[in-house]
$ cat data07.pdb   # PDB, C-alpha atoms
MODEL        1
ATOM      1  CA  MET A 503       0.000   0.000   0.000
ATOM      2  CA  ARG A 504       1.101   3.542  -0.653
ATOM      3  CA  GLU A 505      -0.933   5.213   2.078
ATOM      4  CA  ASP A 506       2.224   6.270   3.898
ATOM      5  CA  ASP A 507       3.181   8.538   0.982
ATOM      6  CA  PRO A 508       0.593  11.386   0.575
ATOM      7  CA  THR A 509       2.366  12.836  -2.465
ATOM      8  CA  GLN A 510       2.032   9.525  -4.272
ATOM      9  CA  PHE A 511      -1.738   9.520  -3.586
ATOM     10  CA  VAL A 512      -2.072  13.057  -4.982
ATOM     11  CA  ASP A 513      -0.318  11.953  -8.175
ATOM     12  CA  GLU A 514      -2.635   8.971  -8.469
ATOM     13  CA  LEU A 515      -5.702  11.257  -8.307
ATOM     14  CA  ARG A 516      -4.736  12.581 -11.720
ATOM     15  CA  GLU A 517      -5.112   9.075 -13.215
ATOM     16  CA  PRO A 518      -7.422   7.171 -10.852
ATOM     17  CA  LEU A 519      -8.226   4.329 -13.265
ATOM     18  CA  VAL A 520      -4.549   3.460 -13.552
ATOM     19  CA  ALA A 521      -4.077   3.410  -9.776
ATOM     20  CA  LEU A 522      -7.186   1.363  -8.907
ATOM     21  CA  PRO A 523      -5.755  -2.104  -9.817
ATOM     22  CA  HIS A 524      -2.864  -1.563  -7.412
ATOM     23  CA  TYR A 525      -5.200  -1.046  -4.486
ATOM     24  CA  PHE A 526      -7.566  -3.847  -5.459
ATOM     25  CA  GLY A 527      -4.697  -6.302  -5.784
ATOM     26  CA  ALA A 528      -2.752  -5.202  -2.715
ATOM     27  CA  GLU A 529      -1.983  -7.812  -0.053
ATOM     28  CA  ILE A 530      -3.130  -6.824   3.434
ATOM     29  CA  PRO A 531      -0.717  -8.396   5.978
ATOM     30  CA  TYR A 532      -2.372 -10.413   8.732
ATOM     31  CA  ASP A 533      -0.826 -13.006  11.029
ATOM     32  CA  PRO A 534      -3.442 -15.538  12.170
ATOM     33  CA  ARG A 535      -1.039 -17.395  14.478
ATOM     34  CA  SER A 536      -1.778 -17.585  18.180
ATOM     35  CA  ARG A 537       1.048 -18.284  20.643
ATOM     36  CA  ARG A 538      -1.112 -19.001  23.636
ATOM     37  CA  LEU A 539      -0.987 -22.534  24.973
ATOM     38  CA  PRO A 540      -2.560 -25.005  25.024
ATOM     39  CA  PHE A 541      -5.187 -23.788  22.455
ATOM     40  CA  GLY A 542      -2.864 -21.700  20.276
ATOM     41  CA  PRO A 543      -2.634 -24.163  17.344
ATOM     42  CA  ALA A 544      -6.421 -24.613  17.243
ATOM     43  CA  VAL A 545      -7.043 -20.839  17.294
ATOM     44  CA  THR A 546      -4.449 -20.389  14.539
ATOM     45  CA  LEU A 547      -6.199 -22.995  12.379
ATOM     46  CA  VAL A 548      -9.631 -21.405  12.854
ATOM     47  CA  ARG A 549      -8.324 -17.900  12.179
ATOM     48  CA  GLY A 550      -6.516 -18.998   9.047
ATOM     49  CA  SER A 551      -9.607 -20.781   7.740
ATOM     50  CA  LEU A 552     -11.843 -17.723   8.365
ATOM     51  CA  VAL A 553      -9.352 -15.359   6.716
ATOM     52  CA  ARG A 554      -9.063 -17.580   3.647
ATOM     53  CA  LEU A 555     -12.864 -17.903   3.431
ATOM     54  CA  LEU A 556     -13.375 -14.141   3.763
ATOM     55  CA  ARG A 557     -10.671 -13.412   1.190
ATOM     56  CA  TRP A 558     -12.248 -15.875  -1.249
ATOM     57  CA  TRP A 559     -15.674 -14.244  -0.786
ATOM     58  CA  LEU A 560     -14.314 -10.698  -1.229
ATOM     59  CA  LEU A 561     -12.360 -11.639  -4.352
ATOM     60  CA  SER A 562     -15.463 -13.269  -5.854
ATOM     61  CA  ALA A 563     -17.542 -10.160  -5.110
ATOM     62  CA  LEU A 564     -14.883  -7.873  -6.578
ATOM     63  CA  GLU A 565     -14.596  -9.999  -9.696
ATOM     64  CA  ARG A 566     -18.368  -9.954 -10.165
ATOM     65  CA  GLN A 567     -18.490  -6.179  -9.620
ATOM     66  CA  ASP A 568     -15.668  -5.694 -12.101
ATOM     67  CA  ARG A 569     -17.595  -7.652 -14.747
ATOM     68  CA  VAL A 570     -20.751  -5.627 -14.076
ATOM     69  CA  ASN A 571     -18.807  -2.378 -14.391
ATOM     70  CA  ARG A 572     -17.258  -3.469 -17.681
ATOM     71  CA  LEU A 573     -20.630  -4.514 -19.085
ATOM     72  CA  LEU A 574     -22.189  -1.164 -18.099
ATOM     73  CA  VAL A 575     -19.335   0.793 -19.640
ATOM     74  CA  ARG A 576     -19.636  -1.195 -22.856
ATOM     75  CA  ALA A 577     -23.417  -0.726 -22.929
ATOM     76  CA  ILE A 578     -22.990   3.039 -22.547
ATOM     77  CA  GLU A 579     -20.402   3.056 -25.327
ATOM     78  CA  GLN A 580     -22.770   1.149 -27.632
ATOM     79  CA  LEU A 581     -25.626   3.566 -26.878
ATOM     80  CA  ASP A 582     -23.356   6.469 -27.682
ATOM     81  CA  GLU A 583     -22.245   4.793 -30.924
ATOM     82  CA  ARG A 584     -25.858   4.127 -31.936
ATOM     83  CA  SER A 585     -26.946   7.737 -31.308
ATOM     84  CA  PRO A 586     -27.729   8.978 -34.816
ATOM     85  CA  HIS A 587     -26.258  12.274 -35.879
ATOM     86  CA  ALA A 588     -29.593  13.163 -37.474
ATOM     87  CA  LEU A 589     -31.233  13.153 -34.047
ATOM     88  CA  ASP A 590     -28.578  15.465 -32.639
ATOM     89  CA  GLU A 591     -29.013  17.793 -35.589
ATOM     90  CA  ARG A 592     -32.791  17.733 -35.115
ATOM     91  CA  LEU A 593     -32.460  18.625 -31.429
ATOM     92  CA  THR A 594     -30.087  21.454 -32.305
ATOM     93  CA  ALA A 595     -32.535  22.757 -34.916
ATOM     94  CA  ILE A 596     -35.407  22.661 -32.385
ATOM     95  CA  GLU A 597     -33.367  24.593 -29.833
ATOM     96  CA  GLU A 598     -32.453  27.211 -32.431
ATOM     97  CA  THR A 599     -36.126  27.494 -33.449
ATOM     98  CA  TRP A 600     -37.164  28.042 -29.831
ATOM     99  CA  ARG A 601     -34.503  30.705 -29.356
ATOM    100  CA  ALA A 602     -35.591  32.477 -32.538
ATOM    101  CA  ARG A 603     -39.265  32.330 -31.514
ATOM    102  CA  ASP A 604     -38.464  33.668 -28.045
ATOM    103  CA  SER A 605     -36.470  36.510 -29.574
ATOM    104  CA  ALA A 606     -39.328  37.315 -31.984
ATOM    105  CA  ASP A 607     -41.854  37.299 -29.122
ATOM    106  CA  ARG A 608     -39.707  39.682 -27.099
ATOM    107  CA  ALA A 609     -39.341  42.001 -30.082
ATOM    108  CA  GLU A 610     -43.115  41.919 -30.632
ATOM    109  CA  VAL A 611     -43.770  42.842 -27.002
ATOM    110  CA  LEU A 612     -41.321  45.745 -27.200
ATOM    111  CA  GLU A 613     -42.818  47.009 -30.467
ATOM    112  CA  SER A 614     -46.362  46.700 -29.090
ATOM    113  CA  THR A 615     -45.360  48.632 -25.975
ATOM    114  CA  ALA A 616     -43.721  51.356 -28.032
ATOM    115  CA  LEU A 617     -46.768  51.589 -30.300
ATOM    116  CA  ALA A 618     -49.135  51.829 -27.326
ATOM    117  CA  GLN A 619     -47.010  54.549 -25.733
ATOM    118  CA  ALA A 620     -47.018  56.495 -28.987
ATOM    119  CA  PHE A 621     -50.826  56.744 -28.775
ATOM    120  CA  ALA A 622     -50.923  57.180 -24.999
ATOM    121  CA  SER A 623     -51.059  60.968 -25.187
ATOM    122  CA  SER A 624     -54.803  60.948 -25.966
ATOM    123  CA  ASP A 625     -57.077  60.817 -22.915
ATOM    124  CA  ARG A 626     -59.255  57.756 -23.444
ATOM    125  CA  PHE A 627     -61.408  58.698 -20.458
ATOM    126  CA  ASP A 628     -61.992  62.308 -21.483
ATOM    127  CA  GLY A 629     -65.452  63.400 -20.369
ATOM    128  CA  ALA A 630     -65.953  60.470 -17.967
ATOM    129  CA  ASP A 631     -67.341  61.349 -14.534
ATOM    130  CA  PRO A 632     -64.947  60.288 -11.732
ATOM    131  CA  ALA A 633     -67.515  61.034  -9.001
ATOM    132  CA  PRO A 634     -68.887  57.445  -8.689
ATOM    133  CA  VAL A 635     -65.366  56.086  -8.314
ATOM    134  CA  VAL A 636     -64.386  58.754  -5.783
ATOM    135  CA  GLU A 637     -67.544  58.058  -3.774
ATOM    136  CA  MET A 638     -66.674  54.372  -3.577
ATOM    137  CA  LEU A 639     -63.181  55.180  -2.274
ATOM    138  CA  ARG A 640     -64.075  58.011   0.097
ATOM    139  CA  ALA A 641     -62.481  57.786   3.571
ATOM    140  CA  ARG A 642     -60.049  55.137   2.338
ATOM    141  CA  ARG A 643     -56.488  55.568   3.570
ATOM    142  CA  ARG A 644     -54.473  53.522   1.077
ATOM    143  CA  VAL A 645     -55.713  52.991  -2.468
ATOM    144  CA  LEU A 646     -53.918  51.454  -5.431
ATOM    145  CA  LEU A 647     -54.498  53.279  -8.708
ATOM    146  CA  SER A 648     -53.346  50.947 -11.452
ATOM    147  CA  ASP A 649     -52.655  52.912 -14.646
ATOM    148  CA  LEU A 650     -52.426  56.702 -14.680
ATOM    149  CA  SER A 651     -54.091  57.296 -18.053
ATOM    150  CA  TRP A 652     -57.073  59.107 -16.464
ATOM    151  CA  PRO A 653     -55.643  62.332 -14.978
ATOM    152  CA  ALA A 654     -59.113  63.599 -13.980
ATOM    153  CA  LEU A 655     -59.579  60.655 -11.612
ATOM    154  CA  ALA A 656     -56.207  61.209  -9.946
ATOM    155  CA  GLU A 657     -57.046  64.898  -9.512
ATOM    156  CA  ALA A 658     -60.470  64.084  -8.053
ATOM    157  CA  LEU A 659     -58.969  61.584  -5.600
ATOM    158  CA  GLY A 660     -56.454  64.197  -4.460
ATOM    159  CA  LYS A 661     -59.173  66.821  -3.916
ATOM    160  CA  ALA A 662     -61.208  64.315  -1.893
ATOM    161  CA  GLY A 663     -58.234  63.689   0.385
ATOM    162  CA  ILE A 664     -57.914  60.020  -0.626
ATOM    163  CA  ALA A 665     -54.332  58.782  -0.320
ATOM    164  CA  TYR A 666     -53.422  56.654  -3.309
ATOM    165  CA  GLN A 667     -50.373  55.184  -4.995
ATOM    166  CA  GLY A 668     -50.230  55.221  -8.770
ATOM    167  CA  VAL A 669     -48.672  52.314 -10.642
ATOM    168  CA  ASP A 670     -47.937  52.550 -14.348
ATOM    169  CA  PRO A 671     -45.301  50.992 -16.642
ATOM    170  CA  ASP A 672     -45.215  54.196 -18.737
ATOM    171  CA  ALA A 673     -42.432  56.533 -17.617
ATOM    172  CA  ALA A 674     -44.123  59.669 -18.997
ATOM    173  CA  SER A 675     -47.344  58.994 -17.061
ATOM    174  CA  VAL A 676     -45.421  58.390 -13.850
ATOM    175  CA  GLN A 677     -43.382  61.559 -14.309
ATOM    176  CA  ARG A 678     -46.531  63.603 -14.972
ATOM    177  CA  SER A 679     -48.176  62.205 -11.852
ATOM    178  CA  ARG A 680     -45.135  62.901  -9.702
ATOM    179  CA  ALA A 681     -44.990  66.454 -11.019
ATOM    180  CA  ALA A 682     -48.540  66.876  -9.737
ATOM    181  CA  GLY A 683     -47.392  65.805  -6.262
ATOM    182  CA  ALA A 684     -48.769  62.240  -6.306
ATOM    183  CA  ASP A 685     -47.082  59.046  -5.163
ATOM    184  CA  ALA A 686     -46.361  57.064  -8.327
ATOM    185  CA  VAL A 687     -44.039  54.205  -9.276
ATOM    186  CA  GLN A 688     -43.042  52.915 -12.702
ATOM    187  CA  ARG A 689     -43.832  49.224 -12.464
ATOM    188  CA  ASN A 690     -46.206  46.583 -13.746
ATOM    189  CA  THR A 691     -49.244  46.077 -11.550
ATOM    190  CA  ASP A 692     -48.686  42.360 -10.960
ATOM    191  CA  VAL A 693     -45.113  43.014  -9.807
ATOM    192  CA  GLN A 694     -46.313  45.710  -7.416
ATOM    193  CA  LEU A 695     -49.021  43.455  -5.980
ATOM    194  CA  ARG A 696     -46.578  40.629  -5.291
ATOM    195  CA  ALA A 697     -44.521  43.064  -3.215
ATOM    196  CA  LEU A 698     -47.502  44.043  -1.013
ATOM    197  CA  ALA A 699     -48.488  42.301   2.195
ATOM    198  CA  ASP A 700     -51.845  40.641   2.804
ATOM    199  CA  ASP A 701     -54.745  42.961   3.734
ATOM    200  CA  SER A 702     -52.621  46.065   3.118
ATOM    201  CA  LEU A 703     -54.923  47.994   0.723
ATOM    202  CA  ASP A 704     -58.190  49.820   1.408
ATOM    203  CA  GLY A 705     -59.239  49.932  -2.242
ATOM    204  CA  ALA A 706     -58.067  49.507  -5.811
ATOM    205  CA  VAL A 707     -58.858  50.873  -9.270
ATOM    206  CA  LEU A 708     -57.917  48.945 -12.410
ATOM    207  CA  MET A 709     -57.997  50.419 -15.886
ATOM    208  CA  GLY A 710     -55.909  50.732 -19.008
ATOM    209  CA  SER A 711     -52.710  48.686 -19.281
ATOM    210  CA  PRO A 712     -53.409  45.986 -16.617
ATOM    211  CA  LEU A 713     -56.547  44.995 -18.534
ATOM    212  CA  GLN A 714     -54.845  44.884 -21.939
ATOM    213  CA  THR A 715     -53.881  41.246 -21.595
ATOM    214  CA  THR A 716     -55.492  37.829 -21.608
ATOM    215  CA  LEU A 717     -58.469  37.154 -19.357
ATOM    216  CA  GLY A 718     -56.505  34.404 -17.631
ATOM    217  CA  HIS A 719     -53.896  36.946 -16.578
ATOM    218  CA  VAL A 720     -56.661  39.286 -15.414
ATOM    219  CA  VAL A 721     -58.002  36.532 -13.138
ATOM    220  CA  VAL A 722     -54.532  36.058 -11.639
ATOM    221  CA  LEU A 723     -54.283  39.828 -11.124
ATOM    222  CA  LEU A 724     -57.689  39.956  -9.424
ATOM    223  CA  ARG A 725     -56.765  37.120  -7.082
ATOM    224  CA  GLN A 726     -53.611  38.968  -6.110
ATOM    225  CA  LEU A 727     -55.767  42.036  -5.446
ATOM    226  CA  ARG A 728     -58.131  39.987  -3.306
ATOM    227  CA  ARG A 729     -55.157  38.891  -1.218
ATOM    228  CA  THR A 730     -53.931  42.437  -0.650
ATOM    229  CA  LEU A 731     -57.336  44.093  -0.050
ATOM    230  CA  ASN A 732     -58.902  44.426   3.378
ATOM    231  CA  ALA A 733     -62.266  42.832   4.071
ATOM    232  CA  GLY A 734     -65.027  44.967   2.543
ATOM    233  CA  ALA A 735     -62.574  47.041   0.484
ATOM    234  CA  PRO A 736     -63.909  48.156  -2.917
ATOM    235  CA  LEU A 737     -62.514  47.111  -6.279
ATOM    236  CA  VAL A 738     -63.295  49.271  -9.309
ATOM    237  CA  ILE A 739     -62.584  48.294 -12.913
ATOM    238  CA  VAL A 740     -62.957  51.137 -15.398
ATOM    239  CA  ALA A 741     -63.440  49.880 -18.947
ATOM    240  CA  PRO A 742     -65.068  50.890 -22.234
ATOM    241  CA  ASN A 743     -68.565  49.557 -22.782
ATOM    242  CA  THR A 744     -68.016  47.214 -25.698
ATOM    243  CA  ASP A 745     -71.668  46.146 -25.550
ATOM    244  CA  SER A 746     -72.277  49.329 -27.499
ATOM    245  CA  LEU A 747     -71.573  48.624 -31.158
ATOM    246  CA  ARG A 748     -70.202  52.110 -31.650
ATOM    247  CA  ILE A 749     -67.544  51.400 -29.017
ATOM    248  CA  GLY A 750     -66.985  47.684 -29.525
ATOM    249  CA  ALA A 751     -66.910  47.726 -33.316
ATOM    250  CA  ARG A 752     -65.118  51.006 -33.975
ATOM    251  CA  GLU A 753     -63.839  53.210 -31.156
ATOM    252  CA  ILE A 754     -62.009  50.578 -29.138
ATOM    253  CA  TRP A 755     -59.930  49.392 -32.091
ATOM    254  CA  ARG A 756     -58.312  52.820 -32.387
ATOM    255  CA  ASP A 757     -56.219  51.843 -29.376
ATOM    256  CA  PRO A 758     -53.329  49.638 -30.691
ATOM    257  CA  SER A 759     -52.808  48.039 -27.262
ATOM    258  CA  VAL A 760     -56.256  46.394 -27.177
ATOM    259  CA  ARG A 761     -56.199  42.623 -27.713
ATOM    260  CA  ARG A 762     -59.918  41.894 -27.646
ATOM    261  CA  PRO A 763     -63.052  43.744 -26.540
ATOM    262  CA  VAL A 764     -64.341  42.656 -23.132
ATOM    263  CA  PRO A 765     -67.895  43.735 -22.229
ATOM    264  CA  PRO A 766     -68.598  44.939 -18.661
ATOM    265  CA  ARG A 767     -70.792  41.936 -17.882
ATOM    266  CA  LEU A 768     -67.921  39.594 -18.684
ATOM    267  CA  TYR A 769     -65.660  41.576 -16.359
ATOM    268  CA  ALA A 770     -68.350  41.185 -13.680
ATOM    269  CA  GLU A 771     -68.306  37.401 -14.103
ATOM    270  CA  VAL A 772     -64.504  37.334 -13.997
ATOM    271  CA  ILE A 773     -64.559  39.370 -10.766
ATOM    272  CA  GLU A 774     -66.943  36.883  -9.178
ATOM    273  CA  LEU A 775     -64.731  34.019 -10.364
ATOM    274  CA  ALA A 776     -61.789  35.655  -8.570
ATOM    275  CA  GLY A 777     -63.693  35.516  -5.269
ATOM    276  CA  PHE A 778     -65.214  38.993  -4.941
ATOM    277  CA  GLY A 779     -68.810  39.809  -4.071
ATOM    278  CA  LYS A 780     -71.616  40.461  -6.534
ATOM    279  CA  PRO A 781     -70.457  43.281  -8.853
ATOM    280  CA  GLU A 782     -72.554  46.132 -10.164
ATOM    281  CA  VAL A 783     -72.048  48.233 -13.294
ATOM    282  CA  ARG A 784     -72.164  52.027 -13.136
ATOM    283  CA  ILE A 785     -72.102  54.498 -16.016
ATOM    284  CA  LEU A 786     -69.212  56.969 -16.085
ATOM    285  CA  ARG A 787     -69.762  58.493 -19.527
ATOM    286  CA  ALA A 788     -72.951  58.333 -21.549
ATOM    287  CA  ALA A 789     -73.053  58.393 -25.340
ATOM    288  CA  GLY A 790     -72.665  61.829 -26.869
ATOM    289  CA  THR A 791     -75.236  61.188 -29.597
ATOM    290  CA  SER A 792     -78.353  59.090 -29.879
ATOM    291  CA  LEU A 793     -81.437  58.650 -32.014
ATOM    292  CA  ALA A 794     -84.550  60.652 -31.179
ATOM    293  CA  GLU A 795     -87.090  58.596 -29.234
ATOM    294  CA  ASP A 796     -89.888  61.194 -28.883
ATOM    295  CA  LEU A 797     -91.880  59.934 -31.824
ATOM    296  CA  ALA A 798     -95.638  59.791 -32.235
ATOM    297  CA  ASP A 799     -95.614  56.205 -33.444
ATOM    298  CA  PRO A 800     -95.081  53.977 -30.356
ATOM    299  CA  LYS A 801     -93.678  51.121 -32.432
ATOM    300  CA  LEU A 802     -91.153  53.411 -34.082
ATOM    301  CA  ALA A 803     -90.228  54.895 -30.702
ATOM    302  CA  ALA A 804     -89.634  51.382 -29.330
ATOM    303  CA  ASN A 805     -87.396  50.628 -32.297
ATOM    304  CA  MET A 806     -85.433  53.836 -31.651
ATOM    305  CA  ARG A 807     -84.920  52.851 -28.001
ATOM    306  CA  LEU A 808     -83.680  49.432 -29.060
ATOM    307  CA  LEU A 809     -81.253  50.981 -31.557
ATOM    308  CA  ASN A 810     -80.021  53.437 -28.935
ATOM    309  CA  ASP A 811     -79.303  50.606 -26.526
ATOM    310  CA  LEU A 812     -77.519  48.659 -29.245
ATOM    311  CA  LEU A 813     -75.644  51.438 -31.032
ATOM    312  CA  PHE A 814     -75.389  54.290 -28.554
ATOM    313  CA  GLY A 815     -75.030  52.678 -25.145
ATOM    314  CA  PRO A 816     -72.797  54.191 -22.427
ATOM    315  CA  ASP A 817     -69.217  54.807 -23.537
ATOM    316  CA  ILE A 818     -67.394  54.016 -20.273
ATOM    317  CA  CYS A 819     -68.535  51.931 -17.311
ATOM    318  CA  ALA A 820     -67.232  51.104 -13.868
ATOM    319  CA  ILE A 821     -67.592  47.559 -12.577
ATOM    320  CA  VAL A 822     -67.682  47.783  -8.774
ATOM    321  CA  ALA A 823     -67.322  44.938  -6.271
ATOM    322  CA  ARG A 824     -66.204  44.405  -2.693
ATOM    323  CA  LYS A 825     -63.995  41.775  -1.125
TER     324      LYS A 825
ENDMDL
END
$ encode --input "data07.pdb" --output "structure tokens"
Amino acid sequence: MREDDPTQFVDELREPLVALPHYFGAEIPYDPRSRRLPFGPAVTLVRGSLVRLLRWWLLSALERQDRVNRLLVRAIEQLDERSPHALDERLTAIEETWRARDSADRAEVLESTALAQAFASSDRFDGADPAPVVEMLRARRRVLLSDLSWPALAEALGKAGIAYQGVDPDAASVQRSRAAGADAVQRNTDVQLRALADDSLDGAVLMGSPLQTTLGHVVVLLRQLRRTLNAGAPLVIVAPNTDSLRIGAREIWRDPSVRRPVPPRLYAEVIELAGFGKPEVRILRAAGTSLAEDLADPKLAANMRLLNDLLFGPDICAIVARK
């Protein structure tokens, strides 16, 4: 054995396979003789027999293990030899396709964000009445205002003495809000909600960018809001009334960030699915034009009312619910 020479063992670590046979084949000195009388010769015989039996068993086990190891190594070599190069090339092509698709998706998201910000200067909620929203949030101490694209609402909340924090991914909107003296952060709403503790909000308003995503993501967002809202705290979603054909078929598609029109009643069902109470829909901006209904013919007047409901319904609605 070379255990008494540490430097030799360090050298053997560089080529362990070469050094292993030396240790497996090394003789371990053992003297089975007993010099005690009168049973010394008998003890020597028994010890020698046990040592020879144990050595035979260990050598058999080592030989069997060596054969198993060689068979496994050969099997691995054969599997490696049988691995077709076409499969490796196919896997490489799939990985490259995934990387290209991921890069294209990222570029699409960036372009969509830039396009939405280019049209963000127009006030989509111009003319909407913030009073119903302010009334719901009155006497609330900490309110989350997700998206700052409705300056009139932020101004009304400030005048009512309602402390709120604005969250918006658009840097220009955040800077404008901070210039007005409001507390605003540039961040996505879902990221902000994950950073908040349970039952830490007294109310929340969702509109604009947080809703411009898939309905599945909206459900996740609403469940995060339910976690952070206090019991009985109000949730307000401000959205265009796409039940009106004038809004759903024409006006809403002028916003490049819109993925699909979502009517207020569908938002109400999604809110209930997220665990909130029964929602109600309130009108924030009525249609600017409508058909005349004061006609002498009652049938014609009924038709005009039906057309007004279908074509010239409310422009903007608020879907209100409580935790």
$ resolve_selection --input "data07.pdb" --expression "the PyMOL selection byres ((chain A and resi 690-694) around 12)" --output "PyMOL selection string"
chain A and resi 646-650+667-673+676+686-689+695-699+706-715+719-727+730
$ closest_residue --input "data07.pdb" --among "A:Leu717, A:Ala563, A:Ala789, A:Leu593" --to "Glu771 (chain A)" --atoms "all atoms listed in the file"
A:Leu717
$ residues_around --input "data07.pdb" --residues "region 745-761 of chain A" --least-positions-apart "4" --cutoff "6 Å" --atoms "only C-alpha atoms" --output "VMD selection string"
chain A and resid 618 714 765 812 to 815
$ closest_residue --input "data07.pdb" --among "A:Ala606, A:Ala658, A:Asn732, A:Glu613" --to "Arg643 (chain A)" --atoms "all atoms listed in the file"
A:Asn732
$ atom_distance --input "data07.pdb" --atom1 "CA of Arg784 (chain A)" --atom2 "CA of Val635 (chain A)"
9.3 Å
$ closest_residue --input "data07.pdb" --among "A:Arg626, A:His587, A:Arg572, A:Arg642" --to "Arg787 (chain A)" --atoms "only C-alpha atoms"
A:Arg626
$ atom_distance --input "data07.pdb" --atom1 "CA of Ala577 (chain A)" --atom2 "CA of Glu565 (chain A)"
18.4 Å
$ resolve_selection --input "data07.pdb" --expression "the PyMOL selection byres ((chain A and resi 782) around 7)" --output "PDB file with C-alpha atoms, in the coordinates of the input"
ATOM      1  CA  LYS A 780     -71.616  40.461  -6.534  1.00  0.00           C
ATOM      2  CA  PRO A 781     -70.457  43.281  -8.853  1.00  0.00           C
ATOM      3  CA  VAL A 783     -72.048  48.233 -13.294  1.00  0.00           C
ATOM      4  CA  ARG A 784     -72.164  52.027 -13.136  1.00  0.00           C
ATOM      5  CA  ILE A 821     -67.592  47.559 -12.577  1.00  0.00           C
ATOM      6  CA  VAL A 822     -67.682  47.783  -8.774  1.00  0.00           C
ATOM      7  CA  ALA A 823     -67.322  44.938  -6.271  1.00  0.00           C
TER       8      ALA A 823
END
$ atom_distance --input "data07.pdb" --atom1 "CA of Tyr666 (chain A)" --atom2 "CA of Arg644 (chain A)"
5.5 Å
$ decode --input "data07.pdb" --residues "region 695-719 of chain A" --atoms "C-alpha atoms" --output "short mmCIF file (atom, residue, chain, number, x, y, z; two decimals), in the first residue's frame"
data_model
loop_
_atom_site.label_atom_id
_atom_site.label_comp_id
_atom_site.auth_asym_id
_atom_site.auth_seq_id
_atom_site.Cartn_x
_atom_site.Cartn_y
_atom_site.Cartn_z
CA LEU A 695 -49.02 43.45 -5.98
CA ARG A 696 -46.58 40.63 -5.29
CA ALA A 697 -44.52 43.06 -3.21
CA LEU A 698 -47.50 44.04 -1.01
CA ALA A 699 -48.49 42.30 2.19
CA ASP A 700 -51.85 40.64 2.80
CA ASP A 701 -54.74 42.96 3.73
CA SER A 702 -52.62 46.07 3.12
CA LEU A 703 -54.92 47.99 0.72
CA ASP A 704 -58.19 49.82 1.41
CA GLY A 705 -59.24 49.93 -2.24
CA ALA A 706 -58.07 49.51 -5.81
CA VAL A 707 -58.86 50.87 -9.27
CA LEU A 708 -57.92 48.94 -12.41
CA MET A 709 -58.00 50.42 -15.89
CA GLY A 710 -55.91 50.73 -19.01
CA SER A 711 -52.71 48.69 -19.28
CA PRO A 712 -53.41 45.99 -16.62
CA LEU A 713 -56.55 45.00 -18.53
CA GLN A 714 -54.84 44.88 -21.94
CA THR A 715 -53.88 41.25 -21.60
CA THR A 716 -55.49 37.83 -21.61
CA LEU A 717 -58.47 37.15 -19.36
CA GLY A 718 -56.50 34.40 -17.63
CA HIS A 719 -53.90 36.95 -16.58
#
